[in-house]
Structures are given as structure tokens and as C-alpha cells.
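Asks: Supplied structure: final_8.cif, mmCIF, C-alpha atoms.
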```cif
data_query
loop_
_atom_site.group_PDB
_atom_site.id
_atom_site.type_symbol
_atom_site.label_atom_id
_atom_site.label_comp_id
_atom_site.auth_asym_id
_atom_site.auth_seq_id
_atom_site.Cartn_x
_atom_site.Cartn_y
_atom_site.Cartn_z
ATOM 1 C CA MET E 1 13.501 22.227 -69.833
ATOM 2 C CA PRO E 2 12.214 18.578 -69.577
ATOM 3 C CA PRO E 3 9.367 17.830 -67.178
ATOM 4 C CA THR E 4 10.419 16.746 -63.722
ATOM 5 C CA THR E 5 7.646 14.196 -63.340
ATOM 6 C CA LEU E 6 6.425 11.503 -65.651
ATOM 7 C CA PRO E 7 2.784 11.504 -66.672
ATOM 8 C CA SER E 8 0.784 9.162 -64.488
ATOM 9 C CA GLU E 9 -0.090 5.854 -66.080
ATOM 10 C CA GLN E 10 -3.752 4.984 -66.199
ATOM 11 C CA ALA E 11 -4.591 2.237 -63.763
ATOM 12 C CA VAL E 12 -5.397 -1.029 -65.493
ATOM 13 C CA THR E 13 -8.328 -2.930 -64.027
ATOM 14 C CA LEU E 14 -7.702 -6.639 -63.793
ATOM 15 C CA HIS E 15 -10.582 -9.082 -63.796
ATOM 16 C CA GLU E 16 -10.609 -12.672 -62.598
ATOM 17 C CA CYS E 17 -12.256 -15.342 -64.708
ATOM 18 C CA LEU E 18 -12.937 -18.992 -63.917
ATOM 19 C CA ILE E 19 -12.815 -21.032 -67.100
ATOM 20 C CA SER E 20 -14.137 -24.543 -67.676
ATOM 21 C CA LEU E 21 -12.088 -26.591 -70.166
ATOM 22 C CA GLY E 22 -13.314 -29.671 -71.992
ATOM 23 C CA SER E 23 -11.878 -31.831 -74.768
ATOM 24 C CA ASN E 24 -12.452 -35.289 -76.182
ATOM 25 C CA ILE E 25 -10.360 -35.145 -79.355
ATOM 26 C CA ASP E 26 -6.714 -35.847 -78.416
ATOM 27 C CA PRO E 27 -7.508 -34.185 -75.078
ATOM 28 C CA GLU E 28 -4.065 -34.381 -73.456
ATOM 29 C CA HIS E 29 -2.523 -32.576 -76.439
ATOM 30 C CA TYR E 30 -5.193 -29.880 -76.583
ATOM 31 C CA PHE E 31 -5.167 -29.369 -72.803
ATOM 32 C CA ASP E 32 -1.419 -28.723 -72.981
ATOM 33 C CA GLN E 33 -1.912 -26.332 -75.907
ATOM 34 C CA ALA E 34 -4.742 -24.437 -74.180
ATOM 35 C CA LEU E 35 -2.754 -24.157 -70.957
ATOM 36 C CA THR E 36 0.268 -22.838 -72.860
ATOM 37 C CA ILE E 37 -1.762 -20.211 -74.716
ATOM 38 C CA LEU E 38 -3.771 -19.059 -71.696
ATOM 39 C CA SER E 39 -0.756 -18.899 -69.381
ATOM 40 C CA GLN E 40 1.187 -16.848 -71.966
ATOM 41 C CA GLU E 41 -1.665 -14.461 -72.772
ATOM 42 C CA CYS E 42 -3.312 -14.184 -69.335
ATOM 43 C CA LYS E 43 -2.042 -14.518 -65.799
ATOM 44 C CA LEU E 44 -2.716 -18.045 -64.549
ATOM 45 C CA LEU E 45 -3.751 -17.899 -60.878
ATOM 46 C CA ALA E 46 -4.890 -21.481 -60.198
ATOM 47 C CA ARG E 47 -5.836 -24.704 -61.962
ATOM 48 C CA SER E 48 -7.586 -27.945 -61.163
ATOM 49 C CA LYS E 49 -6.587 -31.467 -62.001
ATOM 50 C CA ALA E 50 -8.169 -32.873 -65.146
ATOM 51 C CA ILE E 51 -11.005 -35.343 -64.656
ATOM 52 C CA ARG E 52 -12.391 -37.837 -67.165
ATOM 53 C CA THR E 53 -16.160 -37.614 -67.689
ATOM 54 C CA THR E 54 -18.754 -39.315 -69.872
ATOM 55 C CA PRO E 55 -20.435 -37.252 -72.595
ATOM 56 C CA VAL E 56 -23.644 -35.359 -71.856
ATOM 57 C CA GLY E 57 -26.221 -35.155 -74.625
ATOM 58 C CA TYR E 58 -24.770 -36.832 -77.693
ATOM 59 C CA GLN E 59 -23.414 -40.176 -76.416
ATOM 60 C CA GLN E 60 -21.657 -41.654 -79.496
ATOM 61 C CA GLN E 61 -18.313 -40.007 -78.777
ATOM 62 C CA PRO E 62 -15.247 -40.510 -76.566
ATOM 63 C CA ASP E 63 -15.134 -39.462 -72.913
ATOM 64 C CA PHE E 64 -14.038 -35.925 -72.101
ATOM 65 C CA LEU E 65 -11.230 -34.485 -70.044
ATOM 66 C CA ASN E 66 -12.480 -31.524 -68.022
ATOM 67 C CA ALA E 67 -10.682 -29.036 -65.815
ATOM 68 C CA ALA E 68 -10.894 -25.436 -64.624
ATOM 69 C CA LEU E 69 -8.525 -22.481 -64.630
ATOM 70 C CA LEU E 70 -8.567 -19.197 -62.765
ATOM 71 C CA VAL E 71 -6.934 -16.393 -64.743
ATOM 72 C CA SER E 72 -6.708 -12.637 -64.552
ATOM 73 C CA THR E 73 -7.077 -10.376 -67.565
ATOM 74 C CA SER E 74 -7.320 -6.703 -68.402
ATOM 75 C CA LEU E 75 -10.020 -7.439 -70.996
ATOM 76 C CA GLU E 76 -13.647 -6.655 -70.257
ATOM 77 C CA GLN E 77 -16.093 -9.566 -69.979
ATOM 78 C CA ALA E 78 -17.515 -9.524 -73.525
ATOM 79 C CA ALA E 79 -14.054 -9.147 -75.039
ATOM 80 C CA PHE E 80 -12.711 -11.998 -72.902
ATOM 81 C CA ARG E 81 -15.603 -14.270 -73.906
ATOM 82 C CA ALA E 82 -14.801 -13.526 -77.579
ATOM 83 C CA TYR E 83 -11.102 -14.162 -76.838
ATOM 84 C CA LEU E 84 -11.923 -17.633 -75.446
ATOM 85 C CA LYS E 85 -13.826 -18.496 -78.644
ATOM 86 C CA GLU E 86 -10.833 -17.284 -80.673
ATOM 87 C CA VAL E 87 -8.521 -19.544 -78.640
ATOM 88 C CA GLU E 88 -10.865 -22.472 -79.353
ATOM 89 C CA ASP E 89 -10.595 -21.638 -83.074
ATOM 90 C CA ARG E 90 -6.790 -21.506 -82.836
ATOM 91 C CA LEU E 91 -6.942 -24.993 -81.306
ATOM 92 C CA GLY E 92 -8.916 -26.343 -84.264
ATOM 93 C CA ARG E 93 -12.426 -26.257 -82.771
ATOM 94 C CA VAL E 94 -15.041 -27.117 -85.380
ATOM 95 C CA ARG E 95 -18.606 -26.180 -84.501
ATOM 96 C CA GLY E 96 -20.770 -28.819 -86.161
ATOM 97 C CA ALA E 97 -24.457 -29.620 -86.298
ATOM 98 C CA ILE E 98 -24.279 -31.522 -82.976
ATOM 99 C CA LYS E 99 -23.813 -28.848 -80.285
ATOM 100 C CA SER E 100 -22.639 -31.366 -77.669
ATOM 101 C CA GLY E 101 -20.479 -33.289 -80.140
ATOM 102 C CA PRO E 102 -16.735 -33.989 -80.129
ATOM 103 C CA ARG E 103 -14.352 -31.054 -79.817
ATOM 104 C CA THR E 104 -10.659 -30.282 -79.612
ATOM 105 C CA MET E 105 -11.300 -27.666 -76.929
ATOM 106 C CA ASP E 106 -14.260 -26.014 -75.258
ATOM 107 C CA LEU E 107 -13.508 -22.954 -73.124
ATOM 108 C CA ASP E 108 -16.457 -21.598 -71.160
ATOM 109 C CA MET E 109 -16.525 -18.641 -68.798
ATOM 110 C CA VAL E 110 -18.047 -19.927 -65.541
ATOM 111 C CA ALA E 111 -17.480 -16.953 -63.241
ATOM 112 C CA TRP E 112 -16.399 -13.352 -63.732
ATOM 113 C CA ASP E 113 -14.966 -11.382 -60.811
ATOM 114 C CA GLY E 114 -16.414 -13.878 -58.348
ATOM 115 C CA GLU E 115 -19.940 -13.984 -59.800
ATOM 116 C CA VAL E 116 -21.275 -17.100 -61.527
ATOM 117 C CA VAL E 117 -22.144 -16.289 -65.151
ATOM 118 C CA ASP E 118 -22.881 -19.829 -66.384
ATOM 119 C CA GLU E 119 -25.723 -21.968 -65.011
ATOM 120 C CA GLY E 120 -23.673 -25.009 -66.041
ATOM 121 C CA TYR E 121 -21.795 -24.624 -62.759
ATOM 122 C CA TYR E 122 -24.950 -25.698 -60.921
ATOM 123 C CA GLN E 123 -26.074 -28.279 -63.467
ATOM 124 C CA HIS E 124 -23.001 -30.325 -64.396
ATOM 125 C CA ASP E 125 -20.427 -32.023 -62.181
ATOM 126 C CA TYR E 126 -17.890 -31.839 -65.029
ATOM 127 C CA VAL E 127 -17.970 -28.063 -64.483
ATOM 128 C CA LYS E 128 -18.625 -27.875 -60.720
ATOM 129 C CA VAL E 129 -16.027 -30.381 -59.481
ATOM 130 C CA PRO E 130 -12.993 -28.737 -61.172
ATOM 131 C CA VAL E 131 -14.241 -25.205 -60.412
ATOM 132 C CA ASP E 132 -14.737 -26.071 -56.738
ATOM 133 C CA GLU E 133 -11.199 -27.475 -56.636
ATOM 134 C CA VAL E 134 -9.841 -24.171 -57.991
ATOM 135 C CA LEU E 135 -11.936 -22.197 -55.489
ATOM 136 C CA ALA E 136 -10.643 -24.298 -52.575
ATOM 137 C CA SER E 137 -7.000 -24.025 -53.667
ATOM 138 C CA SER E 138 -7.183 -20.270 -54.306
ATOM 139 C CA GLY E 139 -9.291 -19.246 -51.312
ATOM 140 C CA ARG E 140 -11.939 -17.701 -53.598
ATOM 141 C CA THR E 141 -15.713 -17.916 -53.278
ATOM 142 C CA LEU E 142 -18.515 -17.323 -55.762
ATOM 143 C CA GLU E 143 -21.632 -15.200 -55.702
ATOM 144 C CA PRO E 144 -24.723 -16.901 -57.126
ATOM 145 C CA VAL E 145 -26.042 -16.165 -60.602
ATOM 146 C CA LYS E 146 -27.980 -12.906 -60.614
ATOM 147 C CA ARG E 147 -29.010 -12.379 -64.220
ATOM 148 C CA LEU E 148 -29.251 -15.681 -66.081
#
```
Using the file provided, produce a representation of the structure as C-alpha cells.
Replies:
Amino acid sequence: MPPTTLPSEQAVTLHECLISLGSNIDPEHYFDQALTILSQECKLLARSKAIRTTPVGYQQQPDFLNAALLVSTSLEQAAFRAYLKEVEDRLGRVRGAIKSGPRTMDLDMVAWDGEVVDEGYYQHDYVKVPVDEVLASSGRTLEPVKRL
């Protein structure tokens, strides 16, 4: 006789991640591509407007477009960080000798489950301004960095 109840599904824990995006190589194209990939492979909860910013560090390059996204994922933090680097690779990111040089897409984890995990949030307006816009529009807040 078949069972009368279905086995219970394991609960999936969802995490929220605030992501900083930056591009200065065909940035409108790569922003669209990144948004398409992330919204198909994660759940997009909120996004900021893109802002144009001047380069930090290496100056002989075009201005950047920067923005922030809030997504949810079932991946754990280390796996999601690796996933973001893989998305950058899919978007043609080349990591050259100049760390702050031109790029098709830079995806950095700024906050994980409401806790800041990147000091850049406090140091750079190109991160803080879009992230704060996402926080305001989504009603979220952030806990300060604890372990950086």
C-alpha cells in the first residue's frame, strides 16, 4: 500500500546579499547582462539606480557606472562569493596587473544577511550611495562590520 503522507521536504535557508556592481568597459551593456543573469539565477529583491563615478586608484581609464542589488540565494556565503566571481568571468572580466583597472563587471558582496562584510561600504561613496538607496527602498538596515 502506498504511503499516505509525502516525506517532508527539508527547509531551504535563504540568505540576503547586497551586491555592489561596477563597470567601465561598455558599462550599459554589461549592467544589463549582469542584471539578467542575477535575476534569473537569484531572486532580485531591490536595486538602485546606476551612478557615474570617477575611477579610484588608477586614473587613466573611463568613468565607472556603479549600482547595488539586493538578492536572496540558497547558497552559503563562501559559495555565493565564488558564484559572483564566476558571473564576472562569464561577463568577460579580465583580472590584470592593475587591480583597480578597467573591467567589464565587478561584483562585490557588501552585506550578508544584514551584516556588512566589506569595509568598502564605509570607505567609498560609489559603494555606499547605491547600497543606501537599496536599503531605503527595501526597508532593510545593516549591522556594522564585526570581523574585518
Asks: As a list in words, please: the residues near E:Arg47 (cut-off 10 Å, only C-alpha atoms, same-chain neighbours under 2 positions excluded).
Replies: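 Selected residues are Leu18, Ile19, Leu35, Leu44, Leu45, Lys49, Ala50, Ala67, Ala68, Leu69, Leu70, Val71, Pro130, Val131, Glu133, Val134, Leu135, Ser137 and Ser138 of chain E.
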Asks: Counting all atoms listed in the file, what are the residues of stretch 38-147 of chain E within 8 Å of stretch 24-30 of chain E, and for each of them which pair of atoms is the nearest and at what distance in Å, to one decimal? Sort the table by chain and rising number, as a tab-separated table.
Replies:
```
residue	atom	partner	partner_atom	distance
E:Gln61	CA	E:Asn24	CA	8.0
E:Pro62	CA	E:Asn24	CA	5.9
E:Asp63	CA	E:Asn24	CA	5.9
E:Phe64	CA	E:Asn24	CA	4.4
E:Leu65	CA	E:Pro27	CA	6.3
E:Leu91	CA	E:Tyr30	CA	7.0
E:Pro102	CA	E:Asn24	CA	6.0
E:Arg103	CA	E:Ile25	CA	5.7
E:Thr104	CA	E:Ile25	CA	4.9
E:Met105	CA	E:Tyr30	CA	6.5
```
Asks: For C-alpha atoms, I'd like the residues from the last selection saved as an mmCIF file, in the coordinates of the input.
Replies:
```
data_model
loop_
_atom_site.group_PDB
_atom_site.id
_atom_site.type_symbol
_atom_site.label_atom_id
_atom_site.label_comp_id
_atom_site.auth_asym_id
_atom_site.auth_seq_id
_atom_site.Cartn_x
_atom_site.Cartn_y
_atom_site.Cartn_z
ATOM 1 C CA GLN E 61 -18.313 -40.007 -78.777
ATOM 2 C CA PRO E 62 -15.247 -40.510 -76.566
ATOM 3 C CA ASP E 63 -15.134 -39.462 -72.913
ATOM 4 C CA PHE E 64 -14.038 -35.925 -72.101
ATOM 5 C CA LEU E 65 -11.230 -34.485 -70.044
ATOM 6 C CA LEU E 91 -6.942 -24.993 -81.306
ATOM 7 C CA PRO E 102 -16.735 -33.989 -80.129
ATOM 8 C CA ARG E 103 -14.352 -31.054 -79.817
ATOM 9 C CA THR E 104 -10.659 -30.282 -79.612
ATOM 10 C CA MET E 105 -11.300 -27.666 -76.929
#
```
Asks: What's the separation between atom CA of E:Gln123 and atom CA of E:Val110, in Å to one decimal place?
Replies: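 According to the coordinates, atom CA of E:Gln123 and atom CA of E:Val110 are separated by 11.8 Å.
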Asks: In file coordinates, which residues lie within 10 Å of (-20.6, -30.5, -77.5) using only C-alpha atoms, given as a compact mmCIF listing (two decimals) with C-alpha atoms, keeping the file's coordinate frame?
Replies:
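Saved to selection-v7.txt:
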```
# COMPACT_ATOMS: atom_id res chain seq x y z
CA GLY E 22 -13.31 -29.67 -71.99
CA SER E 23 -11.88 -31.83 -74.77
CA ASN E 24 -12.45 -35.29 -76.18
CA PRO E 55 -20.43 -37.25 -72.60
CA VAL E 56 -23.64 -35.36 -71.86
CA GLY E 57 -26.22 -35.16 -74.62
CA TYR E 58 -24.77 -36.83 -77.69
CA GLN E 61 -18.31 -40.01 -78.78
CA ARG E 95 -18.61 -26.18 -84.50
CA GLY E 96 -20.77 -28.82 -86.16
CA ALA E 97 -24.46 -29.62 -86.30
CA ILE E 98 -24.28 -31.52 -82.98
CA LYS E 99 -23.81 -28.85 -80.28
CA SER E 100 -22.64 -31.37 -77.67
CA GLY E 101 -20.48 -33.29 -80.14
CA PRO E 102 -16.74 -33.99 -80.13
CA ARG E 103 -14.35 -31.05 -79.82
CA MET E 105 -11.30 -27.67 -76.93
CA ASP E 106 -14.26 -26.01 -75.26
```
Asks: Choose the residue, out of E:Thr36, E:Asp89, E:Glu115, E:Gln77, that has the smallest atom-to-atom separation from E:Arg140; count all atoms listed in the file.
Replies: E:Glu115
Asks: I need the output of the PyMOL selection byres ((chain E and resi 112) around 6) for this file as a PyMOL selection string; which residues are they?
Replies: chain E and resi 16-17+111+113-115
Asks: Compare E:Val127, E:Met109, E:Ala136, E:Val145 by their minimum atom-to-atom distance to E:Thr53, counting all atoms listed in the file, and give me the closest one.
Replies: E:Val127
Asks: Between E:Pro144, E:Arg90, E:Asp125, E:Thr13, which is the closest to E:Thr54 once you count only C-alpha atoms?
Replies: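 Comparing E:Pro144, E:Arg90, E:Asp125, E:Thr13 against E:Thr54, the winner is E:Asp125.
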Asks: If you measure from atom CA of E:Gly120 to atom CA of E:Leu142, what distance in Å do you get, rounded to one decimal?
Replies: 13.8 Å
Asks: Check the smallest atom-to-atom distance from each of E:Asp132, E:Val12, E:Glu119, E:Gln60 to E:Ala46 using all atoms listed in the file, then report the winner.
Replies: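 Using all atoms listed in the file, E:Ala46 sits closest to E:Asp132.
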Asks: For atom CA of E:Thr73 and atom CA of E:Lys43, quote the distance in Å rounded to one decimal.
Replies: 6.8 Å
Asks: Looking at E:Asp32, E:Glu86, E:Glu76, E:Glu143, which one is nearest to E:Asp118, with distances taken over only C-alpha atoms?
Replies: E:Glu143
Asks: Between E:Leu21, E:Val116, E:Ala79, E:Ala11, single out the one closest to E:Gln33, counting all atoms listed in the file.
Replies: E:Leu21
Asks: For a cut-off of 8 Å around (-10.4, -19.9, -72.5), file coordinates, pick out all residues using only C-alpha atoms and list them as a VMD selection string.
Replies: chain E and resid 19 to 21 34 38 81 83 to 85 87 to 88 106 to 109
